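Take a look at the structure set out below.
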Amino acid sequence: MAASAAVLQSEAEIRVRPINGFIGAEIEGVDLRRPLSPAQFKVIHDAFVNYEVIVLRDQDITVDQQMAFGALFGELSIHPFSPNLPDKPEVIILDYSADNPPALTDIWHVDETFRETPPMATILRGKVVPEAGGDTLFASMSAAYRGLSERMKQHIHGLEAQHDFKPWRPLFGHSDRAKLRKLEDEFPNPWHPVVRVHPVTGRRVLYVNRQFCTRIKDLKPDESDALLEFLYRQATIPEVQLRVKWQPNTLVMWDNRSVQHYASHDYYPARRTMERVTVKGDKPQGVTGAYTVDTVPANGTVKPAIAEGTRPGPKRAFDRY
């Protein structure tokens with residue numbers, strides 16, 4: 001009887017349950033302690049690129065198993081600044097408490113866009129989570145792009161923004177100038193398209209983030225600042241967001257090519273410990289050629305703009321005469 005139950009569990013259908021209209025899906029029926037079949041991996045991969053954030057609960061796995069899951073999607077990367085495990089530099093340990101207050105993550109951002117080839121995906125697993133607070137918020141920047149007016153889409157078409165590892169520059173004092181120069185040579189402020197094309201789905205993505213962007217090419221500083229501030233705000237629209245409440249052994253994977261995230265710092269002085277691996281990505285590519293209207297299918301339907309004074313409403317009594 002036990003053997004029969006084991007067979008049923010191994011053959012159980014994976015269930016993909018969308019969470020919000022534009023972003024996020026919870027995946028059930030997966031146990032990452034066991035190898036995934038090609039068919040199972042395809043379901044997970046397709047859900048990942050379609051919903052942009054996937055949530056898998058109750059994954060009591062080892063760091064090696066988390067790395068193995070990430071390696072199914074591609075080669076793992078090593079962060080040049082974050083606290084990596086000495087024997088497994090691909091793993092980042094984010095351990096915040098009263099003795100080590102959280103920092104740098106309470107800002108909307110895309111991971112490591114200071115690289116010429118930013119990570120394709122980030123996989124984060126909760127180890128120790130606070131009783132209240134410590135949620136992570138995600139924003140679909142493909143949905144944010146679709147929410148812009150056609151005039152604005154035309155305006156930002158073909159623009160490029162410069163990215164820099166500016167949050168970590170204060171770590172380098174006068175005695176560390178040589179190391180800073182070496183890192184500047186390794187990460188020489190790449191220019192990425194303001195509108196990126198997702199390499200798998202073909203969706204257009206608003207690809208600027210407050211943490212790493214510095215300016216838009218060919219604009220005056222005040223023009224660049226004003227436009228970037230407007231574009232940054234698109235991540236704060238609730239309709240394009242997903243908020244994940246962590247539990248021990250919750251695993252969340254997000255598409256770093258199309259998603260921004262924000263880790264709330266509302267749990268201090270409680271402890272919050274996460275294990276993270278990232279998957280290497282490719283060089284961001286923009287839309288080629290002259291502007292055309294985007295027709296690529298995507299989740300949800302963006303509400304159309306309604307001109308001032310033209311919103312339809314219930315008929316009033318005097319409208320009948």
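Note on naming: chains are A, B, ... as they come in the structure tokens, residues start from 1 per chain, ligands start from 1 in the order shown.
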
Name the residues of stretch 128-285 of chain A that fall into strand (DSSP E) according to DSSP on the backbone, using the chain letters and numbers of this document, as a CSV table (one decimal) with C-alpha atoms, in the first residue's frame.
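Output file part05.csv is given in full below:
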```csv
chain,number,residue,atom,x,y,z
A,128,VAL,CA,13.7,31.9,9.4
A,136,THR,CA,8.4,40.7,-0.5
A,137,LEU,CA,6.6,42.7,-3.2
A,138,PHE,CA,6.9,42.1,-6.9
A,139,ALA,CA,5.9,44.2,-9.8
A,140,SER,CA,5.4,43.0,-13.4
A,160,GLU,CA,18.9,53.6,-23.3
A,161,ALA,CA,19.7,54.0,-19.6
A,162,GLN,CA,23.0,53.8,-17.8
A,163,HIS,CA,23.3,51.4,-14.8
A,191,TRP,CA,23.7,50.9,-21.2
A,192,HIS,CA,20.5,48.9,-21.2
A,193,PRO,CA,17.4,49.6,-23.2
A,195,VAL,CA,12.2,49.0,-23.0
A,196,ARG,CA,13.5,45.5,-23.1
A,197,VAL,CA,12.1,42.6,-25.1
A,204,ARG,CA,8.0,44.4,-23.9
A,205,VAL,CA,9.3,45.3,-20.4
A,206,LEU,CA,9.9,48.6,-18.8
A,213,CYS,CA,19.9,53.5,-13.0
A,214,THR,CA,21.8,56.8,-13.2
A,215,ARG,CA,20.6,58.5,-16.4
A,216,ILE,CA,19.1,58.2,-19.8
A,241,GLN,CA,2.0,43.9,-8.0
A,242,LEU,CA,2.2,40.7,-6.1
A,243,ARG,CA,2.8,40.5,-2.4
A,244,VAL,CA,4.3,37.3,-1.0
A,251,LEU,CA,10.5,29.1,-2.2
A,252,VAL,CA,9.9,32.0,-4.6
A,253,MET,CA,11.5,32.3,-8.1
A,254,TRP,CA,11.1,35.4,-10.2
A,255,ASP,CA,12.0,36.4,-13.7
A,259,VAL,CA,10.1,41.8,-12.6
A,260,GLN,CA,11.1,44.3,-10.0
A,261,HIS,CA,10.9,43.5,-6.3
A,262,TYR,CA,11.0,45.2,-2.9
A,263,ALA,CA,11.7,43.6,0.4
A,272,ARG,CA,14.6,37.1,8.8
A,273,THR,CA,17.0,34.6,7.1
A,274,MET,CA,16.9,33.7,3.4
A,275,GLU,CA,19.0,31.6,1.0
A,276,ARG,CA,19.3,32.9,-2.5
A,277,VAL,CA,20.7,31.6,-5.8
A,278,THR,CA,20.7,33.4,-9.1
A,279,VAL,CA,20.8,32.1,-12.7
```

Nearest to A:Val302: which of A:Phe165, A:Ala226, A:Tyr145, A:Glu112 is it, counting only C-alpha atoms?
->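 Residue with the minimum atom-to-atom distance to A:Val302: A:Tyr145.
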
Excluding same-chain residues fewer than 3 positions from A:Arg169, what lies within 12 Å of it counting only C-alpha atoms, as number ranges by chain?
-> A: 81, 164-166, 172-174, 176-177, 179-181, 183-184, 212

Would you mind exporting the chosen residues as a CSV table (one decimal), in the first residue's frame, restricted to all heavy atoms?
```csv
chain,number,residue,atom,x,y,z
A,81,PHE,N,29.2,41.4,-4.4
A,81,PHE,CA,29.2,42.2,-3.2
A,81,PHE,C,28.5,41.5,-2.0
A,81,PHE,O,28.8,41.8,-0.9
A,81,PHE,CB,28.5,43.5,-3.4
A,81,PHE,CG,29.1,44.3,-4.5
A,81,PHE,CD1,28.5,44.5,-5.8
A,81,PHE,CD2,30.3,45.0,-4.4
A,81,PHE,CE1,29.0,45.2,-6.8
A,81,PHE,CE2,30.9,45.7,-5.4
A,81,PHE,CZ,30.2,45.9,-6.6
A,164,ASP,N,24.6,51.4,-12.7
A,164,ASP,CA,25.8,51.5,-11.9
A,164,ASP,C,25.6,50.7,-10.6
A,164,ASP,O,24.5,50.7,-10.1
A,164,ASP,CB,26.2,52.9,-11.7
A,164,ASP,CG,27.5,53.1,-10.9
A,164,ASP,OD1,28.5,52.9,-11.4
A,164,ASP,OD2,27.4,53.4,-9.6
A,165,PHE,N,26.7,50.2,-10.0
A,165,PHE,CA,26.5,49.5,-8.7
A,165,PHE,C,26.6,50.5,-7.6
A,165,PHE,O,27.2,50.3,-6.5
A,165,PHE,CB,27.6,48.4,-8.6
A,165,PHE,CG,29.0,48.8,-8.7
A,165,PHE,CD1,29.7,49.3,-7.6
A,165,PHE,CD2,29.7,48.7,-9.9
A,165,PHE,CE1,31.0,49.7,-7.6
A,165,PHE,CE2,31.1,49.1,-9.9
A,165,PHE,CZ,31.7,49.6,-8.8
A,166,LYS,N,25.9,51.6,-7.7
A,166,LYS,CA,26.0,52.7,-6.8
A,166,LYS,C,25.6,52.4,-5.3
A,166,LYS,O,26.2,53.0,-4.4
A,166,LYS,CB,25.1,53.9,-7.3
A,166,LYS,CG,23.6,53.5,-7.5
A,166,LYS,CD,22.8,54.7,-8.1
A,166,LYS,CE,21.4,54.3,-8.4
A,166,LYS,NZ,20.6,55.5,-8.9
A,172,PHE,N,33.5,51.2,0.0
A,172,PHE,CA,34.9,51.3,-0.3
A,172,PHE,C,35.5,52.6,0.2
A,172,PHE,O,35.1,53.7,-0.2
A,172,PHE,CB,35.1,51.3,-1.8
A,172,PHE,CG,34.7,50.0,-2.4
A,172,PHE,CD1,33.4,49.9,-3.0
A,172,PHE,CD2,35.5,48.8,-2.5
A,172,PHE,CE1,32.9,48.7,-3.5
A,172,PHE,CE2,35.0,47.6,-3.0
A,172,PHE,CZ,33.8,47.6,-3.5
A,173,GLY,N,36.3,52.5,1.2
A,173,GLY,CA,37.0,53.7,1.8
A,173,GLY,C,38.3,54.0,1.0
A,173,GLY,O,38.5,53.5,-0.1
A,174,HIS,N,39.0,54.9,1.5
A,174,HIS,CA,40.2,55.4,0.8
A,174,HIS,C,41.2,54.3,0.6
A,174,HIS,O,41.9,54.2,-0.5
A,174,HIS,CB,40.9,56.5,1.6
A,174,HIS,CG,42.1,57.1,1.0
A,174,HIS,ND1,42.0,57.9,-0.1
A,174,HIS,CD2,43.4,56.9,1.2
A,174,HIS,CE1,43.3,58.3,-0.5
A,174,HIS,NE2,44.1,57.7,0.3
A,176,ASP,N,40.6,51.3,0.0
A,176,ASP,CA,40.0,50.2,-0.9
A,176,ASP,C,39.9,50.8,-2.4
A,176,ASP,O,39.2,50.2,-3.2
A,176,ASP,CB,38.6,49.8,-0.4
A,176,ASP,CG,38.7,49.1,0.9
A,176,ASP,OD1,39.7,48.4,1.1
A,176,ASP,OD2,37.8,49.3,1.7
A,177,ARG,N,40.5,51.9,-2.7
A,177,ARG,CA,40.4,52.5,-4.0
A,177,ARG,C,40.8,51.5,-5.1
A,177,ARG,O,40.2,51.5,-6.2
A,177,ARG,CB,41.2,53.8,-4.1
A,177,ARG,CG,40.6,54.9,-3.2
A,177,ARG,CD,39.2,55.3,-3.6
A,177,ARG,NE,38.6,56.3,-2.7
A,177,ARG,CZ,37.4,56.7,-2.8
A,177,ARG,NH1,36.6,56.1,-3.7
A,177,ARG,NH2,36.9,57.6,-2.0
A,179,LYS,N,40.7,48.3,-5.2
A,179,LYS,CA,39.6,47.3,-5.4
A,179,LYS,C,38.4,47.9,-6.1
A,179,LYS,O,37.8,47.2,-7.0
A,179,LYS,CB,39.2,46.7,-4.0
A,179,LYS,CG,38.2,45.6,-4.2
A,179,LYS,CD,37.9,44.9,-2.8
A,179,LYS,CE,36.9,43.8,-2.9
A,179,LYS,NZ,36.6,43.2,-1.6
A,180,LEU,N,38.1,49.1,-5.7
A,180,LEU,CA,37.0,49.8,-6.4
A,180,LEU,C,37.3,50.0,-7.9
A,180,LEU,O,36.4,49.7,-8.7
A,180,LEU,CB,36.7,51.1,-5.7
A,180,LEU,CG,35.6,52.0,-6.4
A,180,LEU,CD1,34.3,51.3,-6.4
A,180,LEU,CD2,35.5,53.4,-5.7
A,181,ARG,N,38.5,50.4,-8.2
A,181,ARG,CA,38.8,50.6,-9.6
A,181,ARG,C,38.7,49.3,-10.4
A,181,ARG,O,38.3,49.2,-11.5
A,181,ARG,CB,40.2,51.2,-9.7
A,181,ARG,CG,40.4,52.5,-9.1
A,181,ARG,CD,39.6,53.6,-9.9
A,181,ARG,NE,39.7,54.9,-9.2
A,181,ARG,CZ,38.7,55.4,-8.5
A,181,ARG,NH1,37.6,54.7,-8.3
A,181,ARG,NH2,38.8,56.6,-7.9
A,183,LEU,N,36.7,46.8,-9.7
A,183,LEU,CA,35.3,46.5,-9.9
A,183,LEU,C,34.7,47.4,-11.0
A,183,LEU,O,33.9,46.9,-11.8
A,183,LEU,CB,34.6,46.6,-8.6
A,183,LEU,CG,34.8,45.5,-7.6
A,183,LEU,CD1,34.3,45.9,-6.2
A,183,LEU,CD2,34.2,44.2,-8.1
A,184,GLU,N,35.2,48.6,-11.0
A,184,GLU,CA,34.7,49.5,-12.1
A,184,GLU,C,35.1,49.0,-13.5
A,184,GLU,O,34.3,49.2,-14.5
A,184,GLU,CB,35.2,50.9,-11.8
A,184,GLU,CG,34.5,51.6,-10.7
A,184,GLU,CD,35.1,53.0,-10.4
A,184,GLU,OE1,36.3,53.2,-10.7
A,184,GLU,OE2,34.4,53.8,-9.8
A,212,PHE,N,19.7,51.0,-9.5
A,212,PHE,CA,20.9,51.0,-10.3
A,212,PHE,C,21.0,52.0,-11.4
A,212,PHE,O,22.1,52.2,-12.0
A,212,PHE,CB,21.1,49.6,-10.8
A,212,PHE,CG,21.3,48.5,-9.8
A,212,PHE,CD1,20.4,47.5,-9.7
A,212,PHE,CD2,22.3,48.6,-8.8
A,212,PHE,CE1,20.6,46.5,-8.7
A,212,PHE,CE2,22.5,47.7,-7.9
A,212,PHE,CZ,21.6,46.6,-7.8
```

Separation of atom CA of A:Val296 from atom CA of A:Pro119, in Å and rounded to one decimal | 23.4 Å

Pick from A:Ile54, A:Ser82, A:Gly147, A:Glu28 nearest to A:Ile237, counting only C-alpha atoms = A:Gly147

For A:Ala290, the nearest of the candidates A:Pro18, A:Ala98, A:His155, A:Ile78, counting only C-alpha atoms | A:His155

Which residue gives the smallest distance to A:Gln234 among A:Ala144, A:Ile27, A:Leu124, A:Val129, with only C-alpha atoms counted?
->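 The shortest atom-to-atom distance to A:Gln234 comes from A:Ala144.
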
Between A:Tyr96, A:Phe48, A:Tyr232, A:Phe187, which has the minimum distance to A:Asn256 (counting only C-alpha atoms)?
->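 Ranking A:Tyr96, A:Phe48, A:Tyr232, A:Phe187 by distance to A:Asn256, first place goes to A:Phe48.
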
Residue nearest A:Phe41 among A:Leu227, A:Gln59, A:Pro130, A:Phe73 (counting only C-alpha atoms) =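 That would be A:Phe73, the residue with the smallest distance to A:Phe41.
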
Atomic separation - atom CA of A:Gly74 relative to atom CA of A:Val91, Å = 14.8 Å

Give me the residues within 10 Å of A:Ile107 as a ChimeraX atom specification, counting only C-alpha atoms and dropping any in the same chain fewer than 2 places off.
-> /A:103-105,109-110,209-211,260-265

Please give the complete set of residues from stretch 61-303 of chain A that DSSP, run on the backbone, assigns to helix (DSSP H, G or I), formatted as a PyMOL selection string.
-> chain A and resi 63-71+141-146+150-156+166-171+174-186+221-236+238-240

For A:Glu75, list every protein, DNA or RNA residue within 10 Å, evaluated using only C-alpha atoms, and leave out those in the same chain fewer than 4 positions away; present the list as a list in words.
->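 In the requested format, the answer is Met67, Gly70, Ala71, Glu90, Pro119, Met120, Thr278, Val279, Lys280 and Gly281 of chain A.
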